[in-house]
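The file final.cif contains mmCIF, C-alpha atoms:
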```cif
data_query
#
loop_
_atom_site.group_PDB
_atom_site.id
_atom_site.type_symbol
_atom_site.label_atom_id
_atom_site.label_comp_id
_atom_site.auth_asym_id
_atom_site.auth_seq_id
_atom_site.Cartn_x
_atom_site.Cartn_y
_atom_site.Cartn_z
ATOM 1 C CA MET A 1 66.791 6.175 23.248
ATOM 2 C CA VAL A 2 65.593 6.232 26.833
ATOM 3 C CA LEU A 3 68.075 4.931 29.354
ATOM 4 C CA MET A 4 65.968 3.593 32.179
ATOM 5 C CA ARG A 5 68.932 3.498 34.547
ATOM 6 C CA ARG A 6 69.421 7.242 34.068
ATOM 7 C CA GLU A 7 65.747 8.001 34.648
ATOM 8 C CA LEU A 8 65.678 5.690 37.672
ATOM 9 C CA GLY A 9 68.723 7.452 39.093
ATOM 10 C CA ASP A 10 66.971 10.796 38.678
ATOM 11 C CA VAL A 11 63.847 9.493 40.437
ATOM 12 C CA LEU A 12 65.880 8.187 43.367
ATOM 13 C CA ARG A 13 67.979 11.364 43.636
ATOM 14 C CA GLU A 14 64.909 13.605 43.568
ATOM 15 C CA ARG A 15 63.245 11.507 46.269
ATOM 16 C CA ARG A 16 66.411 11.584 48.419
ATOM 17 C CA LEU A 17 66.808 15.338 48.073
ATOM 18 C CA SER A 18 63.123 15.972 48.790
ATOM 19 C CA GLN A 19 63.667 14.238 52.129
ATOM 20 C CA GLY A 20 66.764 16.303 52.870
ATOM 21 C CA LEU A 21 69.013 13.246 52.880
ATOM 22 C CA THR A 22 72.641 13.255 51.844
ATOM 23 C CA LEU A 23 74.044 10.512 49.683
ATOM 24 C CA ARG A 24 76.000 9.280 52.690
ATOM 25 C CA GLY A 25 72.901 9.310 54.891
ATOM 26 C CA LEU A 26 70.848 7.290 52.426
ATOM 27 C CA SER A 27 73.681 4.872 51.776
ATOM 28 C CA ALA A 28 73.965 4.174 55.517
ATOM 29 C CA ARG A 29 70.207 3.572 55.801
ATOM 30 C CA ALA A 30 70.156 1.306 52.745
ATOM 31 C CA SER A 31 73.422 -0.520 53.575
ATOM 32 C CA VAL A 32 74.898 0.428 50.194
ATOM 33 C CA SER A 33 78.250 2.084 49.638
ATOM 34 C CA PRO A 34 78.005 5.820 48.902
ATOM 35 C CA GLY A 35 80.068 5.378 45.730
ATOM 36 C CA TYR A 36 77.800 2.679 44.345
ATOM 37 C CA LEU A 37 74.666 4.638 45.245
ATOM 38 C CA SER A 38 76.156 7.657 43.499
ATOM 39 C CA GLU A 39 76.695 5.571 40.357
ATOM 40 C CA ILE A 40 73.073 4.389 40.527
ATOM 41 C CA GLU A 41 71.841 7.977 40.838
ATOM 42 C CA ARG A 42 73.999 9.107 37.910
ATOM 43 C CA GLY A 43 72.730 6.231 35.782
ATOM 44 C CA THR A 44 76.127 4.673 35.223
ATOM 45 C CA LYS A 45 75.246 1.426 37.031
ATOM 46 C CA GLU A 46 72.167 -0.782 36.876
ATOM 47 C CA ALA A 47 70.359 -1.258 40.180
ATOM 48 C CA SER A 48 69.523 -4.845 41.089
ATOM 49 C CA SER A 49 66.042 -5.530 42.381
ATOM 50 C CA GLU A 50 67.495 -6.192 45.834
ATOM 51 C CA LEU A 51 69.381 -2.908 45.899
ATOM 52 C CA LEU A 52 66.359 -1.024 44.627
ATOM 53 C CA ALA A 53 64.174 -2.582 47.333
ATOM 54 C CA SER A 54 66.731 -1.602 49.981
ATOM 55 C CA VAL A 55 66.926 1.989 48.754
ATOM 56 C CA CYS A 56 63.130 2.272 48.562
ATOM 57 C CA ALA A 57 62.824 0.953 52.118
ATOM 58 C CA ALA A 58 65.440 3.460 53.277
ATOM 59 C CA LEU A 59 63.477 6.244 51.564
ATOM 60 C CA ASP A 60 60.237 4.893 53.054
ATOM 61 C CA VAL A 61 58.608 4.797 49.632
ATOM 62 C CA PRO A 62 56.959 1.765 48.046
ATOM 63 C CA LEU A 63 58.856 0.218 45.164
ATOM 64 C CA SER A 64 55.648 0.375 43.131
ATOM 65 C CA GLN A 65 55.553 4.168 43.537
ATOM 66 C CA VAL A 66 59.147 4.528 42.335
ATOM 67 C CA LEU A 67 58.394 2.292 39.347
ATOM 68 C CA ALA A 68 55.195 4.226 38.553
ATOM 69 C CA THR A 69 57.137 7.499 38.590
ATOM 70 C CA LEU A 70 59.814 5.905 36.427
ATOM 71 C CA SER A 71 57.170 4.695 33.977
ATOM 72 C CA GLN A 72 55.679 8.188 33.691
ATOM 73 C CA ARG A 73 59.100 9.730 33.067
ATOM 74 C CA VAL A 74 59.959 7.161 30.407
ATOM 75 C CA ALA A 75 56.633 7.828 28.670
ATOM 76 C CA VAL A 76 57.380 11.560 28.573
ATOM 77 C CA VAL A 77 60.879 11.029 27.175
ATOM 78 C CA GLU A 78 59.521 8.587 24.589
ATOM 79 C CA SER A 79 56.922 11.092 23.448
ATOM 80 C CA LEU A 80 59.598 13.748 23.023
ATOM 81 C CA THR A 81 61.963 11.506 21.104
ATOM 82 C CA ALA A 82 59.511 9.474 19.020
ATOM 83 C CA PRO A 83 60.324 9.601 15.319
ATOM 84 C CA VAL A 84 57.898 11.413 13.076
ATOM 85 C CA ALA A 85 55.687 8.953 11.235
ATOM 86 C CA LEU A 86 56.117 9.246 7.491
ATOM 87 C CA PRO A 87 53.548 8.029 4.965
ATOM 88 C CA VAL A 88 54.685 4.729 3.520
ATOM 89 C CA SER A 89 53.368 3.259 0.294
ATOM 90 C CA THR A 90 52.592 -0.423 0.185
ATOM 91 C CA MET A 91 53.749 -2.548 -2.726
ATOM 92 C CA ALA A 92 50.114 -2.785 -3.921
ATOM 93 C CA GLN A 93 49.875 1.018 -4.070
ATOM 94 C CA VAL A 94 53.182 1.269 -5.938
ATOM 95 C CA SER A 95 52.090 -1.395 -8.460
ATOM 96 C CA ALA A 96 48.690 0.261 -8.989
ATOM 97 C CA SER A 97 50.188 3.699 -9.610
ATOM 98 C CA ALA A 98 52.717 2.263 -12.096
ATOM 99 C CA ALA A 99 49.977 0.585 -14.152
#
```
For this file, produce the structure as structure tokens.
Amino acid sequence: MVLMRRELGDVLRERRLSQGLTLRGLSARASVSPGYLSEIERGTKEASSELLASVCAALDVPLSQVLATLSQRVAVVESLTAPVALPVSTMAQVSASAA
């Protein structure tokens, strides 16, 4: 199962690190406590839309871009964890083969 909060945390952390920001630096820019931001990045807390907008603004990245990246990551994880489709007989096929 894909945990979106974990994937979102990874997206935000990667963006922060690519800009050379510390957790404390980003938390000051976004007006979020460093501890709470750390929990968001680790995927242990859900980010509200307001918090996410604040963090995106602090990272100078559009929310839509973060969500698009998140969507791509979720699609990849889903493709890796999708169950293998097994052939399933319908009741009509079972009845016909028994006759």
**Request:** For the file shown, report as a list in words the outcome of the PyMOL selection byres ((chain A and resi 67-79) around 9) at residue level.
**Result:** Met1, Val2, Leu3, Met4, Glu7, Leu8, Asp10, Val11, Pro62, Leu63, Ser64, Gln65, Val66, Leu80, Thr81, Ala82 and Pro83 of chain A
**Item:** Distance of CA of Lys45 in chain A from CA of Arg5 in chain A, expressed in Å to one decimal place
**Value:** 7.1 Å
**Message:** I'd like to see the residues matched by the PyMOL selection byres ((chain A and resi 27) around 12) on this file, and ideally I'd get them as a count of residues only.
**Reply:** 31
Build an axis-aligned box that encloses every atom of range 9-25 of chain A listed in the file, pad it by 6 Å on each side, and report its centre and edge lengths in Å to one decimal, as AutoDock Vina command-line options.
```
--center_x 69.6 --center_y 11.9 --center_z 46.8 --size_x 24.9 --size_y 20.9 --size_z 28.2
```
Write out N, CA and C atoms for range 38-51 of chain A, as a compact mmCIF listing (two decimals), in the frame of the given file.
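Below you can see part32.txt, which holds the result:
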```txt
# COMPACT_ATOMS: atom_id res chain seq x y z
N SER A 38 75.92 6.52 44.39
CA SER A 38 76.16 7.66 43.50
C SER A 38 76.12 7.22 42.04
N GLU A 39 76.71 6.07 41.73
CA GLU A 39 76.69 5.57 40.36
C GLU A 39 75.28 5.22 39.92
N ILE A 40 74.48 4.69 40.84
CA ILE A 40 73.07 4.39 40.53
C ILE A 40 72.34 5.69 40.21
N GLU A 41 72.53 6.70 41.05
CA GLU A 41 71.84 7.98 40.84
C GLU A 41 72.27 8.66 39.54
N ARG A 42 73.51 8.49 39.15
CA ARG A 42 74.00 9.11 37.91
C ARG A 42 73.65 8.28 36.68
N GLY A 43 73.12 7.07 36.90
CA GLY A 43 72.73 6.23 35.78
C GLY A 43 73.87 5.50 35.12
N THR A 44 74.99 5.38 35.81
CA THR A 44 76.13 4.67 35.22
C THR A 44 76.15 3.20 35.61
N LYS A 45 75.37 2.83 36.61
CA LYS A 45 75.25 1.43 37.03
C LYS A 45 73.78 1.04 37.08
N GLU A 46 73.51 -0.23 36.78
CA GLU A 46 72.17 -0.78 36.88
C GLU A 46 71.91 -1.18 38.33
N ALA A 47 70.73 -0.86 38.82
CA ALA A 47 70.36 -1.26 40.18
C ALA A 47 69.71 -2.63 40.14
N SER A 48 70.19 -3.54 40.98
CA SER A 48 69.52 -4.84 41.09
C SER A 48 68.20 -4.65 41.81
N SER A 49 67.33 -5.63 41.70
CA SER A 49 66.04 -5.53 42.38
C SER A 49 66.23 -5.49 43.89
N GLU A 50 67.22 -6.20 44.40
CA GLU A 50 67.50 -6.19 45.83
C GLU A 50 67.97 -4.83 46.30
N LEU A 51 68.88 -4.23 45.54
CA LEU A 51 69.38 -2.91 45.90
C LEU A 51 68.26 -1.88 45.83
```
